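Colleague: Please read through the structure below; I'll follow up with questions.
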Amino acid sequence: MAINKEVAQSWPAISLWLLSLFPLAIFVSLPLSEDSQTTIAFALLGALSLSYFWRLRLPKDSSVLPWLRFFLVFTSLALGLRYFYWRATETLPFGYGLASSLAGLLLFAVEIYGFVTFVFGHFINAQPLNRTPPSCDLEDPTLPTVDVFVPTYNEDPSVLRPTIIAATQMQYPKDRFTVWILDDGGTDQKRNDKDPVKANAARQRARELQAMAAELGAHYLTRARNEHAKAGNLNHALTKTHGTLVLILDCDHIPTRDFLVNTVPFFKNDPKLFLLQTPHNFVTPDPVERNLKIFSETPAENELFYTVMQPGLDFWGTSFFCGSAAVLRREALDRVGGIAGQTITEDAETTLDAIGLGYRTAYLNRPMVSGLQPETYSGLIVQRVRWGQGMLQIFLLKNPWLQKNLHFVQRLLYTNFATYWGFAVARLLLFFAPPAYLIFGLDLCDTTAGQLLAYAGPYYLASLVSTQFYYREVRWPFISQIYETIQSVYVSQGIFRVLRRPRSPSFQVTPKGERLDSHFISSLSGPFYLLLAMTAASLVGGMWRWQAYPWMHGAIVFVMIWAILDLLFILAALGVLYEKPQRRSEPRASLDEEIDLYIDGRHFRAHAVDGSRLGIGLELRFPRLDASDRRRVLALFREAATLSLAFADGKTLGARIENRQWRNDRQSLRLGLAYRFADIRDERYTVDLAFGDSAHLQDNLDRRHQGKSILGALAHIAVLALTEGSKNIGWQLRHMWERASRAWSGLLHRRKTKELA
């Protein structure tokens, strides 16, 4: 059983953590009066808050940070364990009837689950490991050979094209890597489908991808049958190729030019390294970011996992394969029997198998792909249900506690990967707690307002401060609750299906590259209207209870505040379910470059703001223009015959104007240009310009790393909930009125026809 060297080197620090458990245990059960508990708890909370503000002023590599983390963990655990000791010994509602007792125990179980997740968060984030790429000598004749696998199933070839272009022009000796299009949409099975329409579509797709591979310098590979989904596709490719390493890229994950030079040297330096995973970086908004209009201002949702948690897992030797943007050692894949296929999360399952054979994993926190998010809520749900079901399958079918060669922490963390998805069930149950008390009068907790202030207040506030300490740059407070809310219903269903039949789920491809031409309400919205009605009814019930039970005002206020927060999260979820149009044919990455623009020979200095394979967005500044000047400028751009762009490196490209609009200040003009390619070299240049520089991708992420205070985030989410959620409800009311009007008109028409007859 191999212990990660970083863990071995940190035993003095780990010993300190273990020794701290003794005073922690003493404090948890210390008998205190309510006033003393309040004083001590809020003093600890104040010290915790001071440590957070101190952390904001420290550089990321400060030697003080580990000690602040230690204080954070010790203090927040002390407050949390103190709270749960009090909850278990003094507040469970026995003696209030069977219904209250069962509901109270269920709420306590959900709180315990939340605390366990909270503890795992501390455990993972206590000592993140941040690696830097070793140098890579491109003249070294012993550099390992690499097969670049790009599996595809039903995606449009236009989604695949920029990925293949970028993959074939990575910085690495050309005779040492090969790019493969693995087409599961053009298999013999699909090309010979009984449905002639489907068969013709598969043949046409295969011809397109074969032509693309020949044009771009890649290789095309398909197989006889679509067996075992993505894992089967990759395993078939492994039997047809021979590279020492394998780079796997989803078909929409466009790699940067430095991907291989930053990753391959890790494998030369460590012969037991099985996997080097890198972040999944996305250049399009997910449905939450697009429909709530927060893409440009909030950190991406996956940033928490890839920027903070994966480095934490790496310290414990438990970073895992995420399906794409990763390099794997073929020798290890051969030993484990290829990509695993017993579960629908073949990536994490394969990692578990390799660790069990004594191989190691590593994580490089450097964004080197540009990918697409699911465009619709239903697409997002397909993805998240698959992740949740697959992680639970791994635990049920390949219990990490029964595997060989895993150390204790690896077993523990693989257990956490499965139990984490219980958040969906926990979130759903928490929505039912306020109605249970405010409408049905069930006593969920035998306590007083003063005790809640003394025990619950410091614990929950400490949880918020701890989250800010770890995640401030990559996750706003309360935004997680919106993501949990929109996943709660359907991920819960998926989890229960796996618990009933662990082998039942089948792999479903996440839709990518969809275009949405109009506003619409997701067909999956129904359960959230029910949650909204139930929560609104609980607030009405709370107002009645306020009048009827004046001696219970403290508890009623506490639960009504809880219900109001739930209402905001549900309204925000409804805002997500009101799908907005998405008409761009290709993803655009943010750019920040000065460009010379020539229109019919006239020169303008322009600033590039975003770009894709097919086009670029420019901004031209025209200070002190009056209305007549603006009209003349627009006329020039409207009637232009020839346009060309000159870039800083001397490259020139032809273009045409697709759209133009003045900015709000009326002194700058936004132009959307479509490129005119002279040959394939122009297209290769535009892909590299938009997606080729990993340092530029990191800058784009850093610009979104704008933290918010707890109160600021709550206020922002309240505004989003009320504005975007109301649009969903308004759309539904309008359509209900239109349907009712049509029905009434039809009734009148039939009645009039009958009378005339």
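Chain labels follow the order of the structure tokens: the first chain is A, the next B, and so on; residue numbering restarts at 1 in every chain, and ligands are counted from 1 in their shown order.
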Can you check which residues of range 553-632 of chain A DSSP gives as strand (DSSP E) on the backbone and send them as a PyMOL selection string?
Modeller: chain A and resi 578-579+589-599+602-611+615-621
Colleague: Would you give me, as a Markdown table, each residue of range 100-148 of chain A having an atom within 8 Å of an atom of range 439-455 of chain A, along with its shortest atom pair and that distance in Å to one decimal, using only C-alpha atoms and sorting by chain and residue number?
Modeller:
| residue | atom | partner | partner_atom | distance |
| --- | --- | --- | --- | --- |
| A:Ser100 | CA | A:Leu442 | CA | 4.9 |
| A:Ser101 | CA | A:Leu444 | CA | 7.3 |
| A:Ala103 | CA | A:Leu444 | CA | 6.1 |
| A:Gly104 | CA | A:Leu444 | CA | 4.1 |
| A:Leu105 | CA | A:Leu444 | CA | 7.8 |
| A:Leu107 | CA | A:Leu444 | CA | 7.2 |
Colleague: Give me, as a tab-separated table, each residue of range 439-522 of chain A that comes within 10 Å of range 273-288 of chain A, together with its shortest interatomic pair and the distance in Å at one decimal, counting only C-alpha atoms, with rows ordered by chain and rising residue number.
Modeller:
residue	atom	partner	partner_atom	distance
A:Ile479	CA	A:Val288	CA	9.8
A:Ile482	CA	A:Val288	CA	8.4
A:Tyr483	CA	A:Val288	CA	7.7
A:Ile486	CA	A:Val288	CA	9.1
A:Gly513	CA	A:Thr284	CA	9.9
Colleague: Based on the backbone DSSP call, show me all residues of range 83-217 of chain A assigned helix (DSSP H, G or I), as an NGL selection string.
Modeller: :A and (83-91 or 98-125 or 157-168 or 174-176 or 188-191 or 196-216)
Colleague: Can you list every residue of range 269-381 of chain A that has an atom at most 7 Å from range 229-244 of chain A, with its nearest atom pair and the distance in Å to one decimal, using only C-alpha atoms, ordered by chain then number, as a tab-separated table?
Modeller:
residue	atom	partner	partner_atom	distance
A:Arg329	CA	A:Thr244	CA	6.5
A:Arg330	CA	A:Thr244	CA	5.6
A:Gly338	CA	A:Asn235	CA	5.8
A:Ile339	CA	A:Ala231	CA	5.5
A:Ala340	CA	A:Ala231	CA	6.6
A:Gly341	CA	A:Ala231	CA	5.8
A:Glu346	CA	A:Ala231	CA	6.4
Colleague: Give me the residues near Leu618 in chain A as number ranges by chain, where near means some atom within 10 Å (using only C-alpha atoms) and where sequence neighbours in that chain fewer than 6 positions away do not count.
Modeller: A: 591-595, 597, 605-611, 660, 669-673
Colleague: Given the choices A:Ile26, A:Phe569, A:Trp401, A:Tyr490, which gets closest to Val719 in chain A if the distance is worked out from only C-alpha atoms?
Modeller: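 Of A:Ile26, A:Phe569, A:Trp401, A:Tyr490, the one nearest Val719 in chain A is A:Phe569, counting only C-alpha atoms.
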Colleague: With distances taken over only C-alpha atoms, which of A:Phe295, A:His749, A:Pro581, A:Thr222 is nearest to Gln189 in chain A?
Modeller: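 Of all the options, A:Thr222 lies closest to Gln189 in chain A.
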Colleague: List as a ChimeraX atom specification the protein and nucleic acid residues near Tyr306 in chain A, meaning an atom at most 12 Å away when only C-alpha atoms are counted, but skip any in the same chain fewer than 5 places from it.
Modeller: /A:128,130,277-282,299-301,311-314,319-322,325,363-367,471,474-475,701
Colleague: Write out as a count of residues only which residues come within 12 Å of Arg602 in chain A when counting only C-alpha atoms, dropping same-chain ones fewer than 5 positions away.
Modeller: 11
Colleague: Using only C-alpha atoms, pick whichever of A:Leu574, A:Ile355, A:Ala695, A:Ala41 has the shortest atom-to-atom distance to Leu720 in chain A.
Modeller: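 So, comparing all the options, the nearest one is A:Leu574.
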Colleague: Between CA of Ala362 in chain A and CA of Leu412 in chain A, what is the distance, to one decimal in Å?
Modeller: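 Interatomic distance here is 18.1 Å.
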Colleague: Residues near Phe84 in chain A, anyone? I mean within 12 Å using only C-alpha atoms, not counting same-chain ones fewer than 5 positions away, as a ChimeraX atom specification.
Modeller: /A:28-29,77-79,89-92,108-116,452,455-456,459-460
